[in-house]
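Asks: The file below is work14.pdb, PDB, C-alpha atoms and all ligand atoms:
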```
MODEL        1
ATOM      1  CA  MET A 957     -62.793 257.954 -15.087
ATOM      2  CA  SER A 958     -59.743 256.515 -16.854
ATOM      3  CA  SER A 959     -58.590 253.125 -15.582
ATOM      4  CA  ILE A 960     -55.918 250.602 -16.428
ATOM      5  CA  LYS A 961     -58.397 248.880 -18.813
ATOM      6  CA  GLN A 962     -59.680 251.932 -20.631
ATOM      7  CA  LYS A 963     -58.898 255.600 -21.091
ATOM      8  CA  ILE A 964     -60.899 258.701 -21.909
ATOM      9  CA  LEU A 965     -59.726 260.669 -24.938
ATOM     10  CA  ASN A 966     -59.740 264.481 -25.261
ATOM     11  CA  ASN A 967     -63.239 264.384 -26.805
ATOM     12  CA  GLY A 968     -64.727 262.261 -24.003
ATOM     13  CA  ASN A 969     -64.689 259.014 -25.991
ATOM     14  CA  VAL A 970     -63.482 255.802 -24.372
ATOM     15  CA  ILE A 971     -60.662 253.599 -25.721
ATOM     16  CA  PRO A 972     -59.663 250.143 -24.415
ATOM     17  CA  THR A 973     -56.006 250.237 -23.361
ATOM     18  CA  VAL A 974     -54.868 246.907 -24.833
ATOM     19  CA  GLY A 975     -55.295 246.669 -28.600
ATOM     20  CA  LEU A 976     -54.325 243.769 -30.826
ATOM     21  CA  GLY A 977     -51.786 244.910 -33.403
ATOM     22  CA  VAL A 978     -52.123 243.292 -36.819
ATOM     23  CA  TYR A 979     -49.063 244.628 -38.645
ATOM     24  CA  GLU A 980     -47.849 241.875 -41.019
ATOM     25  CA  THR A 981     -50.660 239.577 -39.887
ATOM     26  CA  ASP A 982     -51.445 237.307 -42.801
ATOM     27  CA  PRO A 983     -54.830 238.412 -44.183
ATOM     28  CA  LYS A 984     -55.802 234.724 -44.475
ATOM     29  CA  LYS A 985     -55.444 234.337 -40.700
ATOM     30  CA  CYS A 986     -56.709 237.752 -39.734
ATOM     31  CA  THR A 987     -60.489 237.258 -39.548
ATOM     32  CA  ASP A 988     -60.149 234.208 -37.276
ATOM     33  CA  LEU A 989     -57.437 235.871 -35.197
ATOM     34  CA  VAL A 990     -59.539 238.983 -34.555
ATOM     35  CA  TYR A 991     -62.625 236.879 -33.798
ATOM     36  CA  GLU A 992     -60.626 234.752 -31.312
ATOM     37  CA  ALA A 993     -59.107 237.895 -29.783
ATOM     38  CA  LEU A 994     -62.578 239.292 -29.122
ATOM     39  CA  LYS A 995     -63.552 235.977 -27.519
ATOM     40  CA  VAL A 996     -60.480 236.169 -25.270
ATOM     41  CA  GLY A 997     -61.438 239.689 -24.134
ATOM     42  CA  TYR A 998     -59.681 242.145 -26.447
ATOM     43  CA  ARG A 999     -61.934 245.036 -27.467
ATOM     44  CA  HIS A1000     -59.517 246.967 -29.660
ATOM     45  CA  VAL A1001     -57.758 246.150 -32.948
ATOM     46  CA  ASP A1002     -55.105 248.275 -34.657
ATOM     47  CA  SER A1003     -54.855 247.963 -38.445
ATOM     48  CA  ALA A1004     -53.764 250.272 -41.292
ATOM     49  CA  SER A1005     -54.453 250.528 -44.991
ATOM     50  CA  ILE A1006     -50.819 249.574 -45.680
ATOM     51  CA  TYR A1007     -51.274 246.302 -43.688
ATOM     52  CA  LYS A1008     -53.718 245.092 -46.369
ATOM     53  CA  ASN A1009     -55.938 243.394 -43.805
ATOM     54  CA  GLU A1010     -58.572 246.021 -42.948
ATOM     55  CA  GLN A1011     -61.362 244.018 -44.583
ATOM     56  CA  GLU A1012     -60.367 240.855 -42.711
ATOM     57  CA  VAL A1013     -60.213 242.738 -39.396
ATOM     58  CA  CYS A1014     -63.700 244.171 -39.979
ATOM     59  CA  ASP A1015     -64.958 240.693 -40.947
ATOM     60  CA  GLY A1016     -63.623 239.281 -37.655
ATOM     61  CA  ILE A1017     -65.348 242.035 -35.657
ATOM     62  CA  SER A1018     -68.549 241.562 -37.626
ATOM     63  CA  LYS A1019     -68.522 237.786 -37.060
ATOM     64  CA  TRP A1020     -68.204 238.328 -33.297
ATOM     65  CA  LEU A1021     -70.940 240.981 -33.237
ATOM     66  CA  LYS A1022     -73.399 238.763 -35.110
ATOM     67  CA  GLU A1023     -72.745 235.789 -32.846
ATOM     68  CA  ASP A1024     -74.497 237.079 -29.731
ATOM     69  CA  SER A1025     -76.924 239.952 -29.140
ATOM     70  CA  SER A1026     -74.969 240.910 -26.019
ATOM     71  CA  HIS A1027     -71.951 241.746 -28.241
ATOM     72  CA  LYS A1028     -72.223 245.468 -28.833
ATOM     73  CA  ARG A1029     -70.509 247.490 -31.548
ATOM     74  CA  GLU A1030     -69.811 250.335 -29.114
ATOM     75  CA  ASP A1031     -67.696 247.974 -26.989
ATOM     76  CA  VAL A1032     -65.215 247.378 -29.828
ATOM     77  CA  PHE A1033     -62.615 249.907 -30.980
ATOM     78  CA  TYR A1034     -61.400 249.620 -34.577
ATOM     79  CA  THR A1035     -58.404 251.691 -35.744
ATOM     80  CA  THR A1036     -56.969 252.093 -39.198
ATOM     81  CA  LYS A1037     -54.375 254.451 -40.685
ATOM     82  CA  LEU A1038     -54.085 256.640 -43.724
ATOM     83  CA  TRP A1039     -50.965 255.846 -45.759
ATOM     84  CA  ASP A1040     -48.513 258.487 -47.065
ATOM     85  CA  ALA A1041     -49.637 258.059 -50.692
ATOM     86  CA  ASP A1042     -53.112 259.196 -49.610
ATOM     87  CA  HIS A1043     -52.003 262.474 -48.022
ATOM     88  CA  GLY A1044     -53.494 265.668 -49.467
ATOM     89  CA  TYR A1045     -57.158 266.662 -49.183
ATOM     90  CA  GLU A1046     -58.688 264.884 -52.202
ATOM     91  CA  PRO A1047     -56.596 261.675 -51.985
ATOM     92  CA  ALA A1048     -57.365 261.437 -48.256
ATOM     93  CA  LYS A1049     -61.101 261.880 -48.852
ATOM     94  CA  LYS A1050     -61.027 259.035 -51.386
ATOM     95  CA  ALA A1051     -58.982 256.793 -49.083
ATOM     96  CA  ILE A1052     -61.296 257.442 -46.112
ATOM     97  CA  LYS A1053     -64.290 256.532 -48.318
ATOM     98  CA  LEU A1054     -62.608 253.235 -49.183
ATOM     99  CA  MET A1055     -61.828 252.543 -45.510
ATOM    100  CA  LEU A1056     -65.478 253.161 -44.644
ATOM    101  CA  GLU A1057     -66.632 250.815 -47.415
ATOM    102  CA  LYS A1058     -64.448 248.069 -45.930
ATOM    103  CA  ALA A1059     -65.984 248.811 -42.526
ATOM    104  CA  LYS A1060     -69.584 248.956 -43.752
ATOM    105  CA  ASP A1061     -70.632 245.815 -41.838
ATOM    106  CA  ILE A1062     -69.474 247.377 -38.581
ATOM    107  CA  GLY A1063     -71.040 250.765 -39.340
ATOM    108  CA  TYR A1064     -68.233 253.178 -38.525
ATOM    109  CA  ILE A1065     -64.517 253.470 -37.796
ATOM    110  CA  ASP A1066     -63.426 254.320 -34.262
ATOM    111  CA  LEU A1067     -60.108 255.903 -35.145
ATOM    112  CA  ILE A1068     -58.183 256.922 -38.236
ATOM    113  CA  LEU A1069     -54.575 258.037 -37.800
ATOM    114  CA  ILE A1070     -52.296 259.739 -40.292
ATOM    115  CA  HIS A1071     -49.753 256.888 -40.408
ATOM    116  CA  THR A1072     -46.600 259.008 -40.734
ATOM    117  CA  PRO A1073     -45.604 262.650 -41.264
ATOM    118  CA  LYS A1074     -43.388 261.625 -44.207
ATOM    119  CA  THR A1075     -44.831 263.903 -46.908
ATOM    120  CA  SER A1076     -45.126 267.712 -46.863
ATOM    121  CA  TYR A1077     -46.916 270.461 -44.940
ATOM    122  CA  LYS A1078     -49.522 270.813 -47.695
ATOM    123  CA  LYS A1079     -50.244 267.090 -47.908
ATOM    124  CA  ARG A1080     -50.364 266.531 -44.137
ATOM    125  CA  HIS A1081     -52.625 269.559 -43.739
ATOM    126  CA  GLY A1082     -54.978 268.397 -46.519
ATOM    127  CA  ALA A1083     -55.159 264.921 -44.988
ATOM    128  CA  TRP A1084     -56.005 266.420 -41.588
ATOM    129  CA  LYS A1085     -58.778 268.531 -43.111
ATOM    130  CA  ALA A1086     -60.281 265.421 -44.738
ATOM    131  CA  LEU A1087     -60.118 263.580 -41.418
ATOM    132  CA  GLU A1088     -61.772 266.502 -39.613
ATOM    133  CA  GLU A1089     -64.640 266.357 -42.111
ATOM    134  CA  ALA A1090     -65.098 262.605 -41.574
ATOM    135  CA  TYR A1091     -65.052 263.222 -37.816
ATOM    136  CA  GLU A1092     -67.654 265.963 -38.109
ATOM    137  CA  ALA A1093     -69.811 263.695 -40.295
ATOM    138  CA  GLY A1094     -69.691 261.096 -37.500
ATOM    139  CA  THR A1095     -68.448 258.224 -39.687
ATOM    140  CA  VAL A1096     -65.093 258.294 -37.902
ATOM    141  CA  LYS A1097     -65.402 258.711 -34.140
ATOM    142  CA  ASN A1098     -61.835 259.841 -33.393
ATOM    143  CA  ILE A1099     -58.926 261.134 -35.452
ATOM    144  CA  GLY A1100     -55.241 261.248 -34.695
ATOM    145  CA  ILE A1101     -51.665 261.020 -35.860
ATOM    146  CA  SER A1102     -48.888 258.465 -35.761
ATOM    147  CA  ASN A1103     -45.111 258.723 -35.814
ATOM    148  CA  TYR A1104     -45.351 262.493 -35.273
ATOM    149  CA  GLY A1105     -42.411 264.026 -33.416
ATOM    150  CA  ILE A1106     -42.852 267.164 -31.288
ATOM    151  CA  LYS A1107     -42.248 269.436 -34.291
ATOM    152  CA  HIS A1108     -44.929 267.623 -36.338
ATOM    153  CA  VAL A1109     -47.423 267.853 -33.477
ATOM    154  CA  LYS A1110     -46.661 271.575 -33.123
ATOM    155  CA  GLU A1111     -47.323 271.964 -36.842
ATOM    156  CA  VAL A1112     -50.817 270.458 -36.464
ATOM    157  CA  LEU A1113     -51.610 272.562 -33.400
ATOM    158  CA  ALA A1114     -50.626 275.671 -35.388
ATOM    159  CA  TYR A1115     -52.931 275.007 -38.377
ATOM    160  CA  PRO A1116     -54.807 278.325 -38.778
ATOM    161  CA  ASP A1117     -58.045 276.431 -39.522
ATOM    162  CA  LEU A1118     -57.589 273.661 -36.910
ATOM    163  CA  LYS A1119     -60.961 272.376 -35.721
ATOM    164  CA  VAL A1120     -60.047 269.094 -34.009
ATOM    165  CA  VAL A1121     -56.992 268.473 -31.829
ATOM    166  CA  PRO A1122     -55.655 264.956 -32.523
ATOM    167  CA  ALA A1123     -56.947 262.472 -29.951
ATOM    168  CA  ILE A1124     -53.924 260.186 -30.215
ATOM    169  CA  ASN A1125     -50.293 260.091 -31.290
ATOM    170  CA  GLN A1126     -49.238 256.481 -31.919
ATOM    171  CA  VAL A1127     -45.452 256.004 -31.702
ATOM    172  CA  GLU A1128     -42.976 253.273 -30.813
ATOM    173  CA  ILE A1129     -42.620 253.163 -27.009
ATOM    174  CA  HIS A1130     -41.198 250.498 -24.694
ATOM    175  CA  PRO A1131     -38.635 250.474 -21.869
ATOM    176  CA  TRP A1132     -35.727 250.877 -24.320
ATOM    177  CA  LEU A1133     -37.466 253.827 -26.023
ATOM    178  CA  GLY A1134     -39.310 255.944 -23.447
ATOM    179  CA  ARG A1135     -39.721 259.073 -25.609
ATOM    180  CA  LYS A1136     -40.221 261.090 -22.417
ATOM    181  CA  ASP A1137     -40.184 264.547 -24.082
ATOM    182  CA  LEU A1138     -42.678 263.591 -26.786
ATOM    183  CA  VAL A1139     -44.963 261.803 -24.311
ATOM    184  CA  GLU A1140     -44.953 264.788 -21.958
ATOM    185  CA  PHE A1141     -45.564 267.238 -24.809
ATOM    186  CA  CYS A1142     -48.506 265.173 -26.080
ATOM    187  CA  ARG A1143     -50.025 264.871 -22.611
ATOM    188  CA  GLN A1144     -49.643 268.626 -22.002
ATOM    189  CA  ASN A1145     -51.675 269.160 -25.167
ATOM    190  CA  LYS A1146     -54.316 266.521 -24.266
ATOM    191  CA  ILE A1147     -53.130 264.127 -26.974
ATOM    192  CA  THR A1148     -53.053 260.550 -25.672
ATOM    193  CA  PRO A1149     -49.822 258.677 -26.448
ATOM    194  CA  GLU A1150     -50.312 255.176 -27.824
ATOM    195  CA  ALA A1151     -47.420 252.687 -27.685
ATOM    196  CA  TYR A1152     -46.654 250.562 -30.720
ATOM    197  CA  SER A1153     -44.147 247.696 -30.764
ATOM    198  CA  PRO A1154     -44.559 247.319 -26.964
ATOM    199  CA  LEU A1155     -42.894 243.897 -27.255
ATOM    200  CA  VAL A1156     -39.937 245.497 -29.100
ATOM    201  CA  ARG A1157     -40.826 243.139 -32.003
ATOM    202  CA  GLY A1158     -39.409 240.304 -29.878
ATOM    203  CA  GLN A1159     -35.893 241.806 -30.001
ATOM    204  CA  LYS A1160     -35.353 242.099 -26.224
ATOM    205  CA  MET A1161     -37.097 238.950 -24.987
ATOM    206  CA  THR A1162     -33.855 237.519 -23.575
ATOM    207  CA  ASP A1163     -32.777 240.678 -21.767
ATOM    208  CA  PRO A1164     -31.513 239.519 -18.320
ATOM    209  CA  LEU A1165     -33.383 242.209 -16.350
ATOM    210  CA  LEU A1166     -36.624 241.459 -18.169
ATOM    211  CA  LEU A1167     -36.189 237.726 -17.554
ATOM    212  CA  SER A1168     -35.460 238.298 -13.857
ATOM    213  CA  LEU A1169     -38.691 240.334 -13.525
ATOM    214  CA  ALA A1170     -40.638 237.651 -15.390
ATOM    215  CA  LYS A1171     -39.352 235.132 -12.847
ATOM    216  CA  LYS A1172     -40.086 237.423  -9.892
ATOM    217  CA  TYR A1173     -43.724 238.044 -10.925
ATOM    218  CA  ASN A1174     -44.242 234.539 -12.347
ATOM    219  CA  LYS A1175     -45.289 236.072 -15.674
ATOM    220  CA  SER A1176     -43.878 235.886 -19.186
ATOM    221  CA  ALA A1177     -41.443 238.499 -20.498
ATOM    222  CA  GLY A1178     -44.184 239.656 -22.881
ATOM    223  CA  GLN A1179     -46.635 240.164 -20.023
ATOM    224  CA  ILE A1180     -44.066 242.229 -18.080
ATOM    225  CA  LEU A1181     -43.567 244.525 -21.099
ATOM    226  CA  ILE A1182     -47.308 244.965 -21.662
ATOM    227  CA  ARG A1183     -47.870 245.647 -17.963
ATOM    228  CA  TRP A1184     -45.049 248.231 -17.964
ATOM    229  CA  SER A1185     -46.724 249.960 -20.889
ATOM    230  CA  LEU A1186     -50.083 250.058 -19.084
ATOM    231  CA  GLU A1187     -48.612 251.234 -15.804
ATOM    232  CA  GLU A1188     -46.787 254.044 -17.609
ATOM    233  CA  GLY A1189     -50.257 255.132 -18.738
ATOM    234  CA  PHE A1190     -50.091 254.124 -22.391
ATOM    235  CA  ILE A1191     -52.596 252.554 -24.684
ATOM    236  CA  THR A1192     -50.597 249.555 -25.833
ATOM    237  CA  LEU A1193     -50.736 247.479 -29.011
ATOM    238  CA  PRO A1194     -49.062 244.058 -28.669
ATOM    239  CA  LYS A1195     -49.106 242.049 -31.879
ATOM    240  CA  THR A1196     -49.295 238.294 -32.127
ATOM    241  CA  GLU A1197     -50.361 235.918 -34.852
ATOM    242  CA  THR A1198     -50.009 232.994 -32.465
ATOM    243  CA  MET A1199     -53.394 231.942 -31.076
ATOM    244  CA  SER A1200     -51.939 230.746 -27.741
ATOM    245  CA  ARG A1201     -50.251 234.124 -27.182
ATOM    246  CA  LEU A1202     -53.512 236.028 -27.662
ATOM    247  CA  ALA A1203     -54.700 235.035 -24.198
ATOM    248  CA  GLU A1204     -51.231 235.393 -22.645
ATOM    249  CA  ASN A1205     -50.818 238.973 -23.881
ATOM    250  CA  PHE A1206     -54.262 239.960 -22.613
ATOM    251  CA  ASP A1207     -53.776 238.316 -19.218
ATOM    252  CA  VAL A1208     -52.107 241.366 -17.686
ATOM    253  CA  PHE A1209     -54.747 242.708 -15.323
ATOM    254  CA  ASP A1210     -54.136 240.496 -12.289
ATOM    255  CA  PHE A1211     -50.751 241.813 -11.178
ATOM    256  CA  GLU A1212     -48.912 245.082 -10.620
ATOM    257  CA  LEU A1213     -45.265 245.971 -11.050
ATOM    258  CA  SER A1214     -43.741 247.728  -8.044
ATOM    259  CA  PRO A1215     -42.772 251.398  -8.562
ATOM    260  CA  GLU A1216     -39.089 250.363  -8.226
ATOM    261  CA  ASP A1217     -39.418 247.726 -10.954
ATOM    262  CA  ILE A1218     -41.254 250.159 -13.257
ATOM    263  CA  LYS A1219     -38.391 252.607 -12.769
ATOM    264  CA  THR A1220     -35.719 249.949 -13.347
ATOM    265  CA  LEU A1221     -37.382 249.089 -16.652
ATOM    266  CA  SER A1222     -37.839 252.756 -17.612
ATOM    267  CA  ASP A1223     -34.141 253.338 -16.876
ATOM    268  CA  LEU A1224     -33.285 250.987 -19.773
ATOM    269  CA  ASP A1225     -34.173 253.877 -22.115
ATOM    270  CA  GLU A1226     -31.484 254.174 -24.829
ATOM    271  CA  TYR A1227     -33.512 255.442 -27.820
ATOM    272  CA  TYR A1228     -33.623 251.906 -29.229
ATOM    273  CA  ILE A1229     -35.683 251.781 -32.423
ATOM    274  CA  SER A1230     -36.952 248.297 -33.295
ATOM    275  CA  GLY A1231     -38.266 249.179 -36.740
ATOM    276  CA  TRP A1232     -38.360 252.671 -38.187
ATOM    277  CA  ASP A1233     -38.451 256.218 -36.811
ATOM    278  CA  PRO A1234     -40.500 258.691 -38.854
ATOM    279  CA  THR A1235     -40.676 261.058 -35.827
ATOM    280  CA  ILE A1236     -37.359 262.513 -37.034
ATOM    281  CA  TYR A1237     -38.630 263.242 -40.560
ATOM    282  CA  PRO A1238     -37.722 266.856 -41.463
ATOM    283  CA  LEU A1239     -40.302 269.589 -41.759
ATOM    284  CA  ASP A1240     -40.483 271.305 -45.167
ATOM    285  CA  ASP A1241     -38.159 274.141 -44.109
ATOM    286  CA  GLU A1242     -35.607 271.658 -42.700
ATOM    287  CA  LYS A1243     -35.258 269.692 -45.946
TER
HETATM  288  N1  LIG B   1     -47.909 253.288 -36.557
HETATM  289  C1  LIG B   1     -46.853 252.590 -36.918
HETATM  290  O1  LIG B   1     -46.008 253.025 -37.707
HETATM  291  C2  LIG B   1     -46.656 251.222 -36.350
HETATM  292  C3  LIG B   1     -45.408 250.595 -36.476
HETATM  293  C4  LIG B   1     -45.252 249.343 -35.897
HETATM  294  C5  LIG B   1     -46.307 248.754 -35.219
HETATM  295  N2  LIG B   1     -47.517 249.367 -35.147
HETATM  296  C6  LIG B   1     -48.682 248.735 -34.473
HETATM  297  O2  LIG B   1     -48.282 248.164 -33.249
HETATM  298  C7  LIG B   1     -48.478 246.752 -33.289
HETATM  299  C8  LIG B   1     -47.419 246.028 -32.492
HETATM  300  O3  LIG B   1     -46.128 246.318 -32.959
HETATM  301  P1  LIG B   1     -45.224 245.264 -33.739
HETATM  302  O4  LIG B   1     -46.081 244.359 -34.505
HETATM  303  O5  LIG B   1     -44.189 246.068 -34.448
HETATM  304  O6  LIG B   1     -44.425 244.511 -32.621
HETATM  305  P2  LIG B   1     -44.627 243.951 -31.131
HETATM  306  O7  LIG B   1     -46.034 243.865 -30.750
HETATM  307  O8  LIG B   1     -43.676 244.707 -30.296
HETATM  308  O9  LIG B   1     -43.996 242.485 -31.296
HETATM  309  C9  LIG B   1     -44.571 241.524 -32.115
HETATM  310  C10 LIG B   1     -43.609 240.334 -32.156
HETATM  311  O10 LIG B   1     -43.521 239.737 -30.859
HETATM  312  C11 LIG B   1     -43.926 238.375 -30.922
HETATM  313  N3  LIG B   1     -44.699 238.093 -29.700
HETATM  314  C12 LIG B   1     -45.984 238.397 -29.463
HETATM  315  N4  LIG B   1     -46.343 238.043 -28.226
HETATM  316  C13 LIG B   1     -45.258 237.467 -27.658
HETATM  317  C14 LIG B   1     -45.005 236.879 -26.386
HETATM  318  N5  LIG B   1     -45.950 236.832 -25.446
HETATM  319  N6  LIG B   1     -43.774 236.378 -26.159
HETATM  320  C15 LIG B   1     -42.799 236.429 -27.110
HETATM  321  N7  LIG B   1     -42.982 236.984 -28.325
HETATM  322  C16 LIG B   1     -44.198 237.501 -28.597
HETATM  323  C17 LIG B   1     -44.751 238.259 -32.177
HETATM  324  O11 LIG B   1     -44.673 236.950 -32.698
HETATM  325  P3  LIG B   1     -45.983 236.137 -33.202
HETATM  326  O12 LIG B   1     -46.832 237.077 -34.005
HETATM  327  O13 LIG B   1     -45.368 235.059 -34.033
HETATM  328  O14 LIG B   1     -46.658 235.636 -31.989
HETATM  329  C18 LIG B   1     -44.077 239.258 -33.099
HETATM  330  O15 LIG B   1     -42.926 238.691 -33.692
HETATM  331  C19 LIG B   1     -48.470 246.435 -34.783
HETATM  332  O16 LIG B   1     -49.023 245.177 -35.082
HETATM  333  C20 LIG B   1     -49.239 247.600 -35.323
HETATM  334  O17 LIG B   1     -50.621 247.429 -35.097
HETATM  335  C21 LIG B   1     -47.698 250.607 -35.681
ENDMDL
END
```
So that I can check it, write out the structure of this file as structure tokens.
Ligand SMILES: NC(=O)c1ccc[n+]([C@@H]2O[C@H](COP(=O)([O-])OP(=O)(O)OC[C@H]3O[C@@H](n4cnc5c(N)ncnc54)[C@H](OP(=O)(O)O)[C@@H]3O)[C@@H](O)[C@H]2O)c1

Replies:
Amino acid sequence: MSSIKQKILNNGNVIPTVGLGVYETDPKKCTDLVYEALKVGYRHVDSASIYKNEQEVCDGISKWLKEDSSHKREDVFYTTKLWDADHGYEPAKKAIKLMLEKAKDIGYIDLILIHTPKTSYKKRHGAWKALEEAYEAGTVKNIGISNYGIKHVKEVLAYPDLKVVPAINQVEIHPWLGRKDLVEFCRQNKITPEAYSPLVRGQKMTDPLLLSLAKKYNKSAGQILIRWSLEEGFITLPKTETMSRLAENFDVFDFELSPEDIKTLSDLDEYYISGWDPTIYPLDDEK
């Protein structure tokens, strides 16, 4: 059964719904940050090869696992992402091998995503084939996509040799960017939407409505945004490098937003992009 704390993916595997994002997290801080996050209760970390901190993330997980025999590898979910330069079958195979070497102390990778669709049909298709092979070999437990718009998802689903439907599509989602059509399309096809930049990279923290809800629920603005993300059914990836905010951002399971307040937040939707938007990248025949 899915719950607010974890979800079941299309292959039956479980994923914790709150993951620590480590985009731009200083590699020097990353091992300690991930270790502290696991102590606070996080069981999911979201990295990428382009973040240059995969090794440090794995070291933090490994440190926590070794500390206590009750700490089990299967309780932790480690995600990384394949960068655009590694698209294509052979480059992707090489890159996946490197990712697995970095993860050797933790045994396997829980999820690899194609980071963006920003290459070509041939390269995306080759990368997907390489991921399917890693999935079938069991070294990568789940495979998925990121920043794929509806047309990119349709492209994957139409691969003539498709063996594995992506488990996840990770895209920017928050109240100012609901992506309702994409979310519905993914769910219809049993692809779980994952919300990145759930804190809008800090860009909306002084929004009057958000602040009024924070006051009403006696929670921080960040906690309201993370709770909105969970209650809308997303896996959510708040990032912080600030130790004191680790606990704050995970302390979101002891309150509920009313349906009216969820709707008021969702109504803020204005297709606001906080960073970049590769979901609009043209397909080959649109270029
Ligand atoms: N697939 C993709 O293309 C993609 C793109 C973007 C993000 N992501 C993933 O999603 C994760 C999260 O997204 P993000 O890093 O873009 O942004 P985010 O989580 O929306 O926001 C992070 C920013 O909010 C601040 N912050 C954290 N907690 C806060 C709180 N309680 N109150 C006020 N400010 C707070 C952080 O500052 P401090 O760090 O200083 O605390 C940081 O500046 C990333 O780390 C990454 O794992 C994926």

Asks: A:Asp1163, A:Glu1128, A:Asp1210, A:Glu992: which is nearest A:Ser1185, counting only C-alpha atoms?

Replies: A:Glu1128

Asks: Which one is closest to A:Leu1067: A:Ala1041, A:Val1001, A:Leu994, A:Leu1054? Count only C-alpha atoms.

Replies: A:Val1001

Asks: Expanded to explicit residues, what is the PyMOL selection byres (((chain A and resi 1169) around 12) and not hetatm) for this file, as a ChimeraX atom specification?

Replies: /A:1161-1168,1170-1181,1183-1184,1212-1214,1216-1218,1220-1221

Asks: Using all atoms listed in the file, which residue out of A:Cys1014, A:Leu965, A:Arg1135, A:Pro972 lies closest to A:Lys1060?

Replies: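 Under the stated criterion, the closest residue is A:Cys1014.
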
Asks: Report the closest atom pair, with its distance in Å rounded to one decimal, for each residue of chain A that has an atom no farther than 7 Å from ligand LIG 1 (chain B); count only C-alpha atoms and all ligand atoms, sort by chain and then rising residue number, and write it as JSON lines.

Replies:
```
{"residue": "A:Leu976", "atom": "CA", "partner": "B:LIG1", "partner_atom": "O17", "distance": 6.7}
{"residue": "A:Gly977", "atom": "CA", "partner": "B:LIG1", "partner_atom": "O16", "distance": 3.2}
{"residue": "A:Val978", "atom": "CA", "partner": "B:LIG1", "partner_atom": "O16", "distance": 4.0}
{"residue": "A:Tyr979", "atom": "CA", "partner": "B:LIG1", "partner_atom": "O16", "distance": 3.6}
{"residue": "A:Glu980", "atom": "CA", "partner": "B:LIG1", "partner_atom": "O16", "distance": 6.9}
{"residue": "A:Asp1002", "atom": "CA", "partner": "B:LIG1", "partner_atom": "O17", "distance": 4.6}
{"residue": "A:Ser1003", "atom": "CA", "partner": "B:LIG1", "partner_atom": "O17", "distance": 5.4}
{"residue": "A:His1071", "atom": "CA", "partner": "B:LIG1", "partner_atom": "N1", "distance": 5.6}
{"residue": "A:Thr1072", "atom": "CA", "partner": "B:LIG1", "partner_atom": "O1", "distance": 6.7}
{"residue": "A:Ser1102", "atom": "CA", "partner": "B:LIG1", "partner_atom": "N1", "distance": 5.3}
{"residue": "A:Asn1103", "atom": "CA", "partner": "B:LIG1", "partner_atom": "O1", "distance": 6.1}
{"residue": "A:Gln1126", "atom": "CA", "partner": "B:LIG1", "partner_atom": "N1", "distance": 5.8}
{"residue": "A:Val1127", "atom": "CA", "partner": "B:LIG1", "partner_atom": "N1", "distance": 6.1}
{"residue": "A:Glu1128", "atom": "CA", "partner": "B:LIG1", "partner_atom": "C3", "distance": 6.7}
{"residue": "A:Tyr1152", "atom": "CA", "partner": "B:LIG1", "partner_atom": "O2", "distance": 3.8}
{"residue": "A:Ser1153", "atom": "CA", "partner": "B:LIG1", "partner_atom": "O8", "distance": 3.1}
{"residue": "A:Pro1154", "atom": "CA", "partner": "B:LIG1", "partner_atom": "O8", "distance": 4.3}
{"residue": "A:Leu1155", "atom": "CA", "partner": "B:LIG1", "partner_atom": "O8", "distance": 3.2}
{"residue": "A:Val1156", "atom": "CA", "partner": "B:LIG1", "partner_atom": "O8", "distance": 4.0}
{"residue": "A:Arg1157", "atom": "CA", "partner": "B:LIG1", "partner_atom": "O9", "distance": 3.3}
{"residue": "A:Gly1158", "atom": "CA", "partner": "B:LIG1", "partner_atom": "O10", "distance": 4.3}
{"residue": "A:Met1161", "atom": "CA", "partner": "B:LIG1", "partner_atom": "C15", "distance": 6.6}
{"residue": "A:Ser1176", "atom": "CA", "partner": "B:LIG1", "partner_atom": "N5", "distance": 6.7}
{"residue": "A:Ala1177", "atom": "CA", "partner": "B:LIG1", "partner_atom": "N6", "distance": 6.5}
{"residue": "A:Gly1178", "atom": "CA", "partner": "B:LIG1", "partner_atom": "N5", "distance": 4.2}
{"residue": "A:Gln1179", "atom": "CA", "partner": "B:LIG1", "partner_atom": "N5", "distance": 6.4}
{"residue": "A:Leu1193", "atom": "CA", "partner": "B:LIG1", "partner_atom": "C7", "distance": 4.9}
{"residue": "A:Pro1194", "atom": "CA", "partner": "B:LIG1", "partner_atom": "O7", "distance": 3.7}
{"residue": "A:Lys1195", "atom": "CA", "partner": "B:LIG1", "partner_atom": "O7", "distance": 3.7}
{"residue": "A:Thr1196", "atom": "CA", "partner": "B:LIG1", "partner_atom": "O12", "distance": 3.3}
{"residue": "A:Glu1197", "atom": "CA", "partner": "B:LIG1", "partner_atom": "O12", "distance": 3.8}
{"residue": "A:Thr1198", "atom": "CA", "partner": "B:LIG1", "partner_atom": "O14", "distance": 4.3}
{"residue": "A:Arg1201", "atom": "CA", "partner": "B:LIG1", "partner_atom": "N5", "distance": 5.4}
{"residue": "A:Glu1204", "atom": "CA", "partner": "B:LIG1", "partner_atom": "N5", "distance": 6.1}
{"residue": "A:Asn1205", "atom": "CA", "partner": "B:LIG1", "partner_atom": "N5", "distance": 5.5}
```

Asks: Hey, which of A:Lys1107, A:Lys1053, A:His1130, A:Lys1085 ends up closest to A:Lys1160? Count all atoms listed in the file.

Replies: A:His1130

Asks: Suppose you want the space between atom CA of A:Lys1050 and atom CA of A:Gly1016; what is it in Å?

Replies: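 Straight-line distance from atom CA of A:Lys1050 to atom CA of A:Gly1016 works out to 24.2 Å.
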
Asks: When distances are computed from all atoms listed in the file, which of A:Lys1074, A:Lys985, A:Lys1049, A:Lys1037 shows the smallest separation from A:Lys1243?

Replies: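 Comparing A:Lys1074, A:Lys985, A:Lys1049, A:Lys1037 against A:Lys1243, the winner is A:Lys1074.
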